[in-house]
$ cat upload.txt   # compact mmCIF, C-alpha atoms
# COMPACT_ATOMS: atom_id res chain seq x y z
CA MET A 672 138.36 -23.30 5.54
CA SER A 673 136.61 -25.96 7.56
CA ILE A 674 133.32 -24.02 7.47
CA VAL A 675 133.52 -23.18 3.75
CA CYS A 676 134.23 -26.70 2.65
CA GLY A 677 131.82 -28.24 5.07
CA ILE A 678 134.58 -30.61 6.21
CA PRO A 679 136.63 -30.07 9.38
CA LEU A 680 139.95 -30.21 7.49
CA LEU A 681 142.08 -28.60 10.19
CA GLU A 682 140.59 -30.80 12.85
CA CYS A 683 141.19 -33.91 10.74
CA VAL A 684 144.80 -32.96 10.09
CA TYR A 685 145.31 -32.30 13.78
CA CYS A 686 143.80 -35.64 14.80
CA LEU A 687 145.82 -37.51 12.18
CA ALA A 688 149.03 -35.88 13.40
CA CYS A 689 148.26 -36.84 17.00
CA ALA A 690 147.35 -40.38 15.97
CA ARG A 691 150.59 -40.70 13.97
CA TRP A 692 152.67 -39.45 16.91
CA ALA A 693 150.97 -41.77 19.42
CA TRP A 694 151.28 -44.74 17.03
CA LYS A 695 155.01 -44.17 16.56
CA ARG A 696 155.54 -43.80 20.30
CA CYS A 697 153.53 -46.94 21.13
CA LEU A 698 155.40 -49.02 18.57
CA HIS A 699 158.80 -47.62 19.52
CA THR A 700 160.09 -49.30 22.65
CA ALA A 701 163.20 -48.40 24.61
CA GLY A 702 164.87 -51.61 23.47
CA HIS A 703 164.80 -50.45 19.85
CA ASP A 704 167.41 -47.75 20.51
CA SER A 705 170.00 -50.32 21.60
CA GLU A 706 169.02 -53.43 19.65
CA THR A 707 172.13 -53.22 17.43
CA TRP A 708 174.55 -52.53 20.31
CA GLY A 709 177.06 -54.98 21.68
CA LEU A 710 176.76 -56.59 25.09
CA SER A 711 178.67 -55.22 28.04
CA THR A 712 181.14 -57.28 30.02
CA ALA A 713 180.63 -57.71 33.74
CA GLU A 714 184.04 -56.21 34.42
CA GLU A 715 183.26 -52.83 32.90
CA PHE A 716 179.74 -52.73 34.39
CA GLU A 717 180.80 -53.84 37.89
CA PRO A 718 181.07 -50.34 39.47
CA VAL A 719 177.49 -49.34 38.56
CA PRO A 720 175.45 -50.94 41.40
CA ARG A 721 178.11 -49.94 43.94
CA LEU A 722 178.07 -46.31 42.79
CA CYS A 723 174.27 -46.33 42.85
CA ARG A 724 174.44 -47.26 46.53
CA TYR A 725 176.91 -44.42 47.16
CA ILE A 726 174.45 -42.00 45.55
CA LEU A 727 171.64 -43.37 47.71
CA ALA A 728 173.82 -42.75 50.76
CA VAL A 729 173.70 -39.01 50.04
CA TYR A 730 170.04 -39.04 51.07
CA GLU A 731 170.88 -40.29 54.59
CA GLU A 732 171.41 -37.79 57.39
CA ASP A 733 173.53 -40.19 59.46
CA LEU A 734 175.26 -43.11 57.75
CA ARG A 735 175.98 -44.73 61.09
CA HIS A 736 172.23 -44.98 61.69
CA PRO A 737 170.75 -45.34 58.18
CA LEU A 738 167.01 -45.20 57.65
CA TRP A 739 166.56 -46.14 53.99
CA GLU A 740 169.46 -48.43 53.13
CA PRO A 741 168.84 -50.92 50.29
CA ALA A 742 169.17 -54.67 50.58
CA GLY A 743 172.77 -55.40 51.50
CA GLY A 744 173.34 -51.91 52.84
CA TYR A 745 175.29 -49.05 51.29
CA GLU A 746 178.64 -50.87 51.59
CA ILE A 747 180.13 -47.65 52.95
CA ASN A 748 182.51 -47.38 55.86
CA PRO A 749 181.49 -44.18 57.70
CA ASP A 750 185.09 -43.69 58.82
CA TRP A 751 186.14 -43.29 55.17
CA LEU A 752 183.62 -40.55 54.49
CA ILE A 753 185.64 -37.38 53.84
CA LEU A 754 182.77 -34.88 53.72
CA LYS A 755 179.05 -34.51 53.19
CA LYS A 756 177.46 -31.34 51.80
CA THR A 757 173.79 -30.38 52.12
CA TYR A 758 171.68 -27.74 50.40
CA GLU A 759 172.64 -25.32 53.15
CA ASP A 760 176.32 -25.94 52.47
CA THR A 761 176.01 -25.50 48.71
CA ARG A 762 173.56 -22.58 49.08
CA GLY A 763 171.47 -24.08 46.32
CA CYS A 764 174.23 -23.75 43.70
CA ALA A 765 174.49 -27.53 43.41
CA PRO A 766 172.69 -30.63 44.75
CA PRO A 767 173.98 -32.28 47.95
CA TYR A 768 176.92 -34.65 47.56
CA ILE A 769 179.43 -36.74 49.47
CA LEU A 770 183.14 -37.34 49.01
CA TYR A 771 184.08 -40.90 49.89
CA LEU A 772 187.50 -42.56 50.00
CA ASP A 773 186.90 -46.14 48.89
CA HIS A 774 190.00 -48.05 49.96
CA ASN A 775 188.46 -51.38 48.97
CA HIS A 776 188.34 -50.37 45.33
CA ALA A 777 191.18 -47.79 45.31
CA ASP A 778 188.77 -45.05 44.35
CA ILE A 779 188.06 -41.43 45.32
CA VAL A 780 184.31 -41.00 44.76
CA LEU A 781 182.29 -37.80 44.62
CA ALA A 782 178.60 -38.81 44.50
CA ILE A 783 175.83 -36.28 43.78
CA ARG A 784 172.15 -36.83 44.54
CA GLY A 785 169.31 -36.42 42.05
CA LEU A 786 166.54 -33.91 41.55
CA ASN A 787 164.61 -32.85 44.64
CA LEU A 788 161.06 -31.96 43.58
CA ALA A 789 160.61 -29.83 46.70
CA LYS A 790 163.71 -27.64 46.21
CA GLU A 791 163.33 -24.61 44.00
CA SER A 792 167.12 -24.30 43.76
CA ASP A 793 167.16 -27.54 41.74
CA TYR A 794 164.61 -26.08 39.34
CA ALA A 795 166.77 -22.97 39.09
CA VAL A 796 169.71 -25.09 37.94
CA LEU A 797 167.64 -26.98 35.37
CA LEU A 798 165.87 -23.96 33.93
CA ASP A 799 169.04 -21.92 33.61
CA ASN A 800 169.61 -22.77 29.97
CA LYS A 801 168.63 -21.84 26.44
CA LEU A 802 169.38 -23.64 23.21
CA GLY A 803 172.95 -22.82 22.25
CA GLN A 804 173.47 -20.52 25.25
CA ARG A 805 176.74 -21.98 26.55
CA LYS A 806 179.73 -23.12 24.50
CA PHE A 807 182.45 -25.33 25.93
CA ASP A 808 185.43 -27.03 24.29
CA GLY A 809 184.06 -26.67 20.77
CA GLY A 810 180.54 -27.81 21.63
CA TYR A 811 177.49 -26.85 23.64
CA VAL A 812 176.61 -27.69 27.25
CA HIS A 813 173.79 -27.02 29.67
CA ASN A 814 174.48 -23.63 31.26
CA GLY A 815 172.97 -24.28 34.70
CA LEU A 816 174.60 -27.68 35.12
CA LEU A 817 177.98 -26.28 34.09
CA LYS A 818 177.65 -23.54 36.73
CA ALA A 819 176.79 -26.16 39.35
CA ALA A 820 179.83 -28.23 38.32
CA GLY A 821 182.03 -25.15 38.68
CA CYS A 822 180.67 -24.50 42.17
CA VAL A 823 181.48 -28.06 43.27
CA LEU A 824 185.01 -27.88 41.88
CA ASP A 825 185.68 -24.50 43.49
CA ALA A 826 184.46 -25.78 46.86
CA GLU A 827 186.33 -29.11 46.84
CA CYS A 828 189.40 -28.36 44.75
CA ASP A 829 191.83 -28.30 47.69
CA VAL A 830 190.45 -31.50 49.22
CA LEU A 831 190.51 -33.34 45.89
CA ARG A 832 194.06 -32.21 45.16
CA GLU A 833 195.22 -33.44 48.56
CA LEU A 834 193.58 -36.84 48.06
CA VAL A 835 194.89 -37.21 44.51
CA GLU A 836 198.44 -36.50 45.68
CA LYS A 837 198.17 -38.71 48.75
CA TYR A 838 196.77 -41.70 46.83
CA PRO A 839 198.46 -41.63 43.40
CA ASN A 840 197.17 -45.08 42.45
CA TYR A 841 193.51 -44.30 43.16
CA THR A 842 191.01 -43.39 40.44
CA LEU A 843 188.92 -40.23 40.72
CA THR A 844 185.26 -41.01 40.07
CA PHE A 845 182.41 -38.53 39.69
CA THR A 846 178.94 -40.01 39.79
CA GLY A 847 175.41 -38.72 40.08
CA HIS A 848 171.79 -39.48 39.40
CA SER A 849 169.30 -37.44 37.37
CA LEU A 850 170.17 -33.80 38.01
CA GLY A 851 173.37 -34.94 39.73
CA SER A 852 174.36 -36.97 36.66
CA GLY A 853 174.52 -33.81 34.56
CA VAL A 854 176.58 -32.04 37.22
CA ALA A 855 178.94 -35.04 37.48
CA ALA A 856 179.38 -35.30 33.70
CA LEU A 857 180.18 -31.62 33.25
CA LEU A 858 182.35 -31.66 36.38
CA THR A 859 184.42 -34.39 34.71
CA MET A 860 184.92 -32.19 31.65
CA VAL A 861 185.83 -29.17 33.78
CA VAL A 862 188.38 -31.21 35.75
CA VAL A 863 189.95 -32.52 32.53
CA HIS A 864 190.41 -28.92 31.39
CA ASN A 865 191.80 -27.87 34.77
CA ARG A 866 194.01 -30.81 35.72
CA ASP A 867 196.65 -28.37 36.93
CA LYS A 868 194.34 -27.57 39.85
CA LEU A 869 194.43 -31.24 40.87
CA ALA A 870 198.19 -31.79 40.80
CA ASN A 871 198.16 -32.51 37.05
CA ILE A 872 196.25 -35.73 37.54
CA ASP A 873 196.56 -38.23 34.71
CA ARG A 874 193.52 -38.15 32.43
CA LYS A 875 193.24 -41.93 32.62
CA ARG A 876 192.57 -41.74 36.37
CA ILE A 877 189.42 -39.65 35.84
CA ARG A 878 186.07 -41.28 35.11
CA CYS A 879 182.37 -40.56 35.47
CA TYR A 880 179.22 -42.65 35.80
CA ALA A 881 176.02 -40.74 35.02
CA ILE A 882 173.01 -42.69 36.29
CA ALA A 883 169.75 -41.89 34.44
CA PRO A 884 171.69 -39.16 32.64
CA ALA A 885 170.54 -35.66 31.85
CA ARG A 886 170.85 -34.28 28.35
CA CYS A 887 173.71 -31.93 29.12
CA MET A 888 176.13 -31.76 26.17
CA SER A 889 176.14 -31.65 22.38
CA LEU A 890 176.77 -34.74 20.31
CA ASN A 891 180.40 -33.97 19.47
CA LEU A 892 181.26 -33.62 23.16
CA ALA A 893 179.26 -36.70 24.12
CA VAL A 894 181.30 -38.82 21.69
CA ARG A 895 184.65 -37.13 22.42
CA TYR A 896 184.44 -37.78 26.18
CA ALA A 897 183.14 -41.35 25.84
CA ASP A 898 186.43 -42.69 27.19
CA LEU A 899 185.75 -40.95 30.52
CA ILE A 900 181.99 -40.60 30.87
CA ASN A 901 179.63 -43.57 31.12
CA SER A 902 175.84 -43.16 31.12
CA VAL A 903 173.52 -45.82 32.53
CA VAL A 904 169.90 -45.98 31.38
CA LEU A 905 167.29 -48.42 32.68
CA GLN A 906 164.83 -49.50 29.97
CA ALA A 907 162.66 -46.42 29.21
CA SER A 908 163.91 -43.78 31.63
CA LEU A 909 162.33 -40.55 30.36
CA TYR A 910 164.94 -38.07 31.63
CA CYS A 911 167.47 -38.50 28.82
CA ALA A 912 164.75 -38.63 26.16
CA CYS A 913 162.91 -35.37 26.72
CA SER A 914 163.70 -31.74 27.26
CA LEU A 915 164.27 -30.63 30.83
CA ILE A 916 161.16 -28.45 31.13
CA PHE A 917 159.03 -31.22 29.60
CA PHE A 918 160.55 -33.65 32.10
CA LEU A 919 159.74 -31.36 35.04
CA ILE A 920 156.12 -31.12 34.03
CA LEU A 921 155.79 -34.89 33.64
CA MET A 922 157.51 -35.55 36.95
CA THR A 923 154.90 -33.48 38.78
CA PHE A 924 152.52 -36.37 38.11
CA TYR A 925 154.91 -38.98 39.53
CA PRO A 926 152.96 -41.35 41.84
CA GLY A 927 153.50 -40.71 45.52
CA GLN A 928 155.18 -37.33 45.05
CA PRO A 929 153.43 -34.13 46.16
CA PRO A 930 152.98 -31.74 43.22
CA PRO A 931 155.47 -28.92 43.80
CA TRP A 932 153.32 -26.19 42.26
CA LYS A 933 154.26 -23.53 44.79
CA THR A 934 158.02 -23.96 44.67
CA PHE A 935 157.93 -24.51 40.93
CA LEU A 936 155.94 -21.38 40.23
CA SER A 937 157.65 -19.24 42.84
CA HIS A 938 161.00 -19.91 41.18
CA CYS A 939 159.81 -18.71 37.78
CA SER A 940 159.57 -15.07 38.82
CA GLY A 941 159.59 -13.76 35.23
CA LYS A 942 156.17 -13.31 33.63
CA ARG A 943 157.27 -15.21 30.56
CA HIS A 944 158.39 -18.28 32.49
CA LEU A 945 155.53 -18.08 34.96
CA GLY A 946 152.91 -17.95 32.24
CA PHE A 947 154.49 -20.81 30.32
CA ILE A 948 154.88 -23.09 33.32
CA SER A 949 151.39 -22.33 34.66
CA PHE A 950 149.85 -23.11 31.31
CA SER A 951 151.92 -26.27 30.86
CA VAL A 952 151.16 -27.71 34.27
CA VAL A 953 147.42 -27.10 34.05
CA HIS A 954 147.12 -28.07 30.40
CA LEU A 955 149.44 -31.05 30.07
CA PRO A 956 147.27 -32.70 27.36
CA CYS A 957 147.55 -29.55 25.25
CA LEU A 958 151.32 -29.61 25.67
CA LEU A 959 151.44 -33.23 24.51
CA CYS A 960 149.37 -32.34 21.46
CA LEU A 961 151.65 -29.44 20.59
CA ARG A 962 154.64 -31.74 20.96
CA CYS A 963 153.15 -34.31 18.59
CA MET A 964 152.38 -31.58 16.03
CA LYS A 965 155.98 -30.36 16.25
CA ASP A 966 157.34 -33.89 15.79
CA THR A 967 155.01 -34.36 12.81
CA CYS A 968 155.70 -31.08 11.00
CA ILE A 969 159.47 -30.80 11.63
CA PRO A 970 161.55 -33.55 10.01
CA GLU A 971 163.44 -35.63 12.55
CA GLU A 972 166.62 -35.36 10.48
CA LYS A 973 166.51 -31.58 10.76
CA MET A 974 166.14 -31.67 14.55
CA LEU A 975 168.96 -34.17 15.01
CA ARG A 976 171.34 -32.20 12.77
CA ASP A 977 171.16 -29.16 15.04
CA PRO A 978 174.66 -28.91 16.63
CA ARG A 979 173.20 -27.11 19.65
CA ARG A 980 170.97 -30.03 20.60
CA LEU A 981 171.94 -31.68 23.88
CA TYR A 982 172.33 -35.42 24.42
CA ALA A 983 173.07 -37.97 27.12
CA PRO A 984 176.84 -37.93 27.65
CA GLY A 985 179.57 -40.44 26.83
CA ARG A 986 179.37 -44.21 26.43
CA LEU A 987 175.86 -45.54 27.00
CA TYR A 988 174.92 -48.63 28.99
CA HIS A 989 171.33 -49.71 28.48
CA ILE A 990 169.75 -52.13 30.96
CA VAL A 991 166.94 -53.96 29.19
CA GLU A 992 164.68 -56.11 31.34
CA ARG A 993 161.29 -55.84 29.63
CA LYS A 994 160.23 -56.92 26.15
CA PRO A 995 157.47 -55.43 23.98
CA PHE A 996 154.06 -57.06 24.34
CA ARG A 997 155.36 -59.27 27.15
CA MET A 998 154.22 -59.24 30.77
CA GLY A 999 156.60 -59.01 33.71
CA ARG A 1000 160.36 -58.53 33.91
CA PHE A 1001 163.04 -60.71 32.36
CA PRO A 1002 166.66 -61.30 33.41
CA PRO A 1003 168.32 -57.97 32.61
CA VAL A 1004 170.70 -57.63 29.69
CA VAL A 1005 173.21 -54.77 29.51
CA ARG A 1006 174.02 -53.36 26.08
CA THR A 1007 176.67 -50.74 25.41
CA ALA A 1008 177.88 -48.50 22.59
CA VAL A 1009 179.05 -45.02 21.74
CA PRO A 1010 176.35 -44.25 19.17
CA VAL A 1011 176.25 -41.16 17.00
CA ASP A 1012 172.51 -41.58 16.50
CA GLY A 1013 169.95 -43.45 18.57
CA ARG A 1014 170.99 -41.80 21.86
CA PHE A 1015 167.46 -42.10 23.32
CA GLU A 1016 166.15 -39.02 21.53
CA HIS A 1017 162.62 -40.43 21.30
CA ILE A 1018 160.04 -40.16 24.06
CA VAL A 1019 158.61 -43.62 24.73
CA LEU A 1020 155.05 -43.92 25.96
CA SER A 1021 155.48 -46.30 28.87
CA CYS A 1022 153.80 -46.67 32.24
CA ASN A 1023 157.25 -47.45 33.68
CA ALA A 1024 159.00 -44.34 32.37
CA THR A 1025 159.21 -42.62 35.75
CA SER A 1026 159.96 -45.75 37.79
CA ASP A 1027 162.76 -46.62 35.35
CA HIS A 1028 164.29 -43.28 36.28
CA ALA A 1029 164.35 -44.06 40.02
CA ILE A 1030 167.82 -44.71 41.45
CA ILE A 1031 166.46 -47.53 43.64
CA TRP A 1032 165.22 -49.50 40.61
CA ILE A 1033 168.41 -48.85 38.67
CA GLU A 1034 170.54 -50.13 41.54
CA ARG A 1035 168.34 -53.20 41.90
CA GLU A 1036 168.36 -54.11 38.21
CA ALA A 1037 172.09 -53.40 37.84
CA ARG A 1038 172.77 -55.73 40.75
CA ARG A 1039 170.50 -58.37 39.21
CA ALA A 1040 172.38 -58.10 35.93
CA LEU A 1041 175.66 -58.89 37.69
CA ASP A 1042 174.10 -61.69 39.72
CA VAL A 1043 172.61 -63.34 36.64
CA SER A 1044 175.98 -63.47 34.87
CA PRO A 1045 178.88 -62.54 37.15
CA HIS A 1046 181.56 -63.00 34.48
CA SER A 1047 180.06 -61.80 31.24
CA PHE A 1048 176.74 -60.70 29.74
CA PHE A 1049 177.38 -62.59 26.52

$ encode --input "upload.txt" --output "structure tokens"
Amino acid sequence: MSIVCGIPLLECVYCLACARWAWKRCLHTAGHDSETWGLSTAEEFEPVPRLCRYILAVYEEDLRHPLWEPAGGYEINPDWLILKKTYEDTRGCAPPYILYLDHNHADIVLAIRGLNLAKESDYAVLLDNKLGQRKFDGGYVHNGLLKAAGCVLDAECDVLRELVEKYPNYTLTFTGHSLGSGVAALLTMVVVHNRDKLANIDRKRIRCYAIAPARCMSLNLAVRYADLINSVVLQASLYCACSLIFFLILMTFYPGQPPPWKTFLSHCSGKRHLGFISFSVVHLPCLLCLRCMKDTCIPEEKMLRDPRRLYAPGRLYHIVERKPFRMGRFPPVVRTAVPVDGRFEHIVLSCNATSDHAIIWIEREARRALDVSPHSFF
């Protein structure tokens, strides 16, 4: 048609679609998703920086001789550490985690680390899912993350039951970052449905904090479990806004991280997956163009109405510390809501999208938010 008419119609339509997509993404900032939300109180947000430090402690080989502790340390007593599991212990079924008995805060904490770009077992967990593949409690969940949650519960069920019975006034907290956040959120749901395995623990004692959460459950489940699951997002963290495969491809370009081509491609043994991933990694600009065409041609209302679509879980806490068209960082403000729409479905074009996903930055900004206003964020 372009040749017959003498006008590159298809090319013009394609360029206009890309320009429209880029324009919408540049104008849409992360703060727009939460601009109508209420402000969080310091009391409900208080556990976040502490749990971030517990997650960071999972990365240490020896907590008595830490190598990468943040400012102020991990605030962990090594004598209260119940267990620590590595990739060898989990056999790749789940990310490494620790079980910590926090007597200072009357809390039993199971903290799960985030995605390891050099471990193909983590990719196996993330890629083990198809749209609408796994149903759970009247909704849909991520298949691979649910399997990982089941592995953790099977391995630690006896220990958790003993602790829950021994300390009846302690809360049971599951927390994780990135990949671990999805495992923690689904582990919370599994425990709620199997409370008989944990001495019939009261539902009110169970809670979860998903840091930089994964899109792991359908909207109806995300809202239904908002009384137990809390998700924390820093500004424009890209993980909860994009699909998992799209996220993996973008993360391969993360500054300072070696591109895990070999482990990534070796995992995808099937020709279909291998061809798709190889093409996507090498031709990232083409993938972005295809994404913008899809967003342009398919109405957003139609995509959001799909009951199989996965979202960030539970109640959302959004840390906002940058403003559009402003330089530098501002005193962080924490907004919270249990929204039915506006759950960070849009990809935001931001040079800070990957750094906003880092657990170190989230811990730092969460601590700053509490320091700025120790009593209330109002």

$ atom_distance --input "upload.txt" --atom1 "CA of Arg986 in chain A" --atom2 "CA of Arg866 in chain A"
21.9 Å

$ atom_distance --input "upload.txt" --atom1 "CA of Arg784 in chain A" --atom2 "CA of Asp873 in chain A"
26.4 Å

$ closest_residue --input "upload.txt" --among "A:Leu850, A:Val796, A:Leu892, A:Ile747" --to "His774 in chain A" --atoms "all atoms listed in the file"
A:Ile747

$ atom_distance --input "upload.txt" --atom1 "CA of Asp793 in chain A" --atom2 "CA of Glu746 in chain A"
27.8 Å

$ residues_around --input "upload.txt" --residues "range 804-810 of chain A" --least-positions-apart "4" --cutoff "10 Å" --atoms "all atoms listed in the file" --output "ChimeraX atom specification"
/A:799-800,814-815,817,857,860-861,864,888-893,978-981

$ residues_around --input "upload.txt" --residues "Leu905 in chain A" --least-positions-apart "4" --cutoff "6 Å" --atoms "all atoms listed in the file" --output "list of chain:residue names"
A:His989, A:Ile990, A:Asp1027

$ closest_residue --input "upload.txt" --among "A:Leu831, A:Gly985, A:Trp739, A:Tyr794" --to "Arg895 in chain A" --atoms "only C-alpha atoms"
A:Gly985

$ residues_around --input "upload.txt" --residues "Leu710 in chain A" --least-positions-apart "5" --cutoff "6 Å" --atoms "only C-alpha atoms" --output "compact mmCIF listing (two decimals) with C-alpha atoms, in the frame of the given file"
# COMPACT_ATOMS: atom_id res chain seq x y z
CA VAL A 1005 173.21 -54.77 29.51
CA ARG A 1006 174.02 -53.36 26.08
CA THR A 1007 176.67 -50.74 25.41

$ residues_around --input "upload.txt" --residues "Pro1002 in chain A" --least-positions-apart "4" --cutoff "8 Å" --atoms "all atoms listed in the file" --output "PyMOL selection string"
chain A and resi 992+1039-1040+1043

$ axis_aligned_box --input "upload.txt" --around "range 879-895 of chain A" --padding-each-side "4 Å" --output "lines of an AutoDock Vina configuration file"
center_x = 177.2
center_y = -37.2
center_z = 27.9
size_x = 22.9
size_y = 19.0
size_z = 24.8

$ closest_residue --input "upload.txt" --among "A:Ile753, A:Ile726, A:Leu786, A:Asp773" --to "Glu740 in chain A" --atoms "only C-alpha atoms"
A:Ile726

$ residues_around --input "upload.txt" --residues "Pro839 in chain A" --least-positions-apart "5" --cutoff "10 Å" --atoms "only C-alpha atoms" --output "MDAnalysis selection string"
chainID A and resid 777 834 872:873 876

$ decode --input "upload.txt" --residues "range 722-733 of chain A" --atoms "N, CA, C and O atoms" --output "PDB file, in the first residue's frame"
ATOM      1  N   LEU A 722      12.509  -4.430  58.302  1.00  0.00           N
ATOM      2  CA  LEU A 722      12.394  -5.660  57.519  1.00  0.00           C
ATOM      3  C   LEU A 722      13.294  -5.621  56.289  1.00  0.00           C
ATOM      4  O   LEU A 722      13.798  -6.667  55.840  1.00  0.00           O
ATOM      5  N   CYS A 723      13.509  -4.440  55.738  1.00  0.00           N
ATOM      6  CA  CYS A 723      14.467  -4.315  54.627  1.00  0.00           C
ATOM      7  C   CYS A 723      15.864  -4.727  55.079  1.00  0.00           C
ATOM      8  O   CYS A 723      16.605  -5.392  54.330  1.00  0.00           O
ATOM      9  N   ARG A 724      16.235  -4.343  56.286  1.00  0.00           N
ATOM     10  CA  ARG A 724      17.561  -4.725  56.796  1.00  0.00           C
ATOM     11  C   ARG A 724      17.637  -6.233  57.036  1.00  0.00           C
ATOM     12  O   ARG A 724      18.684  -6.845  56.822  1.00  0.00           O
ATOM     13  N   TYR A 725      16.540  -6.846  57.461  1.00  0.00           N
ATOM     14  CA  TYR A 725      16.529  -8.299  57.637  1.00  0.00           C
ATOM     15  C   TYR A 725      16.718  -9.001  56.294  1.00  0.00           C
ATOM     16  O   TYR A 725      17.424 -10.014  56.207  1.00  0.00           O
ATOM     17  N   ILE A 726      16.091  -8.462  55.246  1.00  0.00           N
ATOM     18  CA  ILE A 726      16.256  -9.043  53.913  1.00  0.00           C
ATOM     19  C   ILE A 726      17.706  -8.894  53.450  1.00  0.00           C
ATOM     20  O   ILE A 726      18.289  -9.818  52.868  1.00  0.00           O
ATOM     21  N   LEU A 727      18.286  -7.734  53.704  1.00  0.00           N
ATOM     22  CA  LEU A 727      19.691  -7.528  53.338  1.00  0.00           C
ATOM     23  C   LEU A 727      20.600  -8.503  54.072  1.00  0.00           C
ATOM     24  O   LEU A 727      21.638  -8.926  53.543  1.00  0.00           O
ATOM     25  N   ALA A 728      20.223  -8.884  55.276  1.00  0.00           N
ATOM     26  CA  ALA A 728      21.047  -9.814  56.049  1.00  0.00           C
ATOM     27  C   ALA A 728      21.114 -11.196  55.412  1.00  0.00           C
ATOM     28  O   ALA A 728      22.057 -11.950  55.667  1.00  0.00           O
ATOM     29  N   VAL A 729      20.143 -11.535  54.567  1.00  0.00           N
ATOM     30  CA  VAL A 729      20.160 -12.837  53.895  1.00  0.00           C
ATOM     31  C   VAL A 729      21.373 -12.955  52.978  1.00  0.00           C
ATOM     32  O   VAL A 729      21.890 -14.044  52.747  1.00  0.00           O
ATOM     33  N   TYR A 730      21.857 -11.833  52.474  1.00  0.00           N
ATOM     34  CA  TYR A 730      22.979 -11.835  51.540  1.00  0.00           C
ATOM     35  C   TYR A 730      24.314 -12.113  52.238  1.00  0.00           C
ATOM     36  O   TYR A 730      25.302 -12.423  51.579  1.00  0.00           O
ATOM     37  N   GLU A 731      24.373 -11.955  53.549  1.00  0.00           N
ATOM     38  CA  GLU A 731      25.610 -12.157  54.299  1.00  0.00           C
ATOM     39  C   GLU A 731      25.860 -13.649  54.549  1.00  0.00           C
ATOM     40  O   GLU A 731      24.932 -14.406  54.845  1.00  0.00           O
ATOM     41  N   GLU A 732      27.104 -14.049  54.443  1.00  0.00           N
ATOM     42  CA  GLU A 732      27.465 -15.431  54.754  1.00  0.00           C
ATOM     43  C   GLU A 732      27.594 -15.641  56.260  1.00  0.00           C
ATOM     44  O   GLU A 732      27.257 -16.711  56.775  1.00  0.00           O
ATOM     45  N   ASP A 733      28.105 -14.623  56.963  1.00  0.00           N
ATOM     46  CA  ASP A 733      28.300 -14.721  58.409  1.00  0.00           C
ATOM     47  C   ASP A 733      27.850 -13.413  59.044  1.00  0.00           C
ATOM     48  O   ASP A 733      28.506 -12.376  58.889  1.00  0.00           O
TER      49      ASP A 733
END
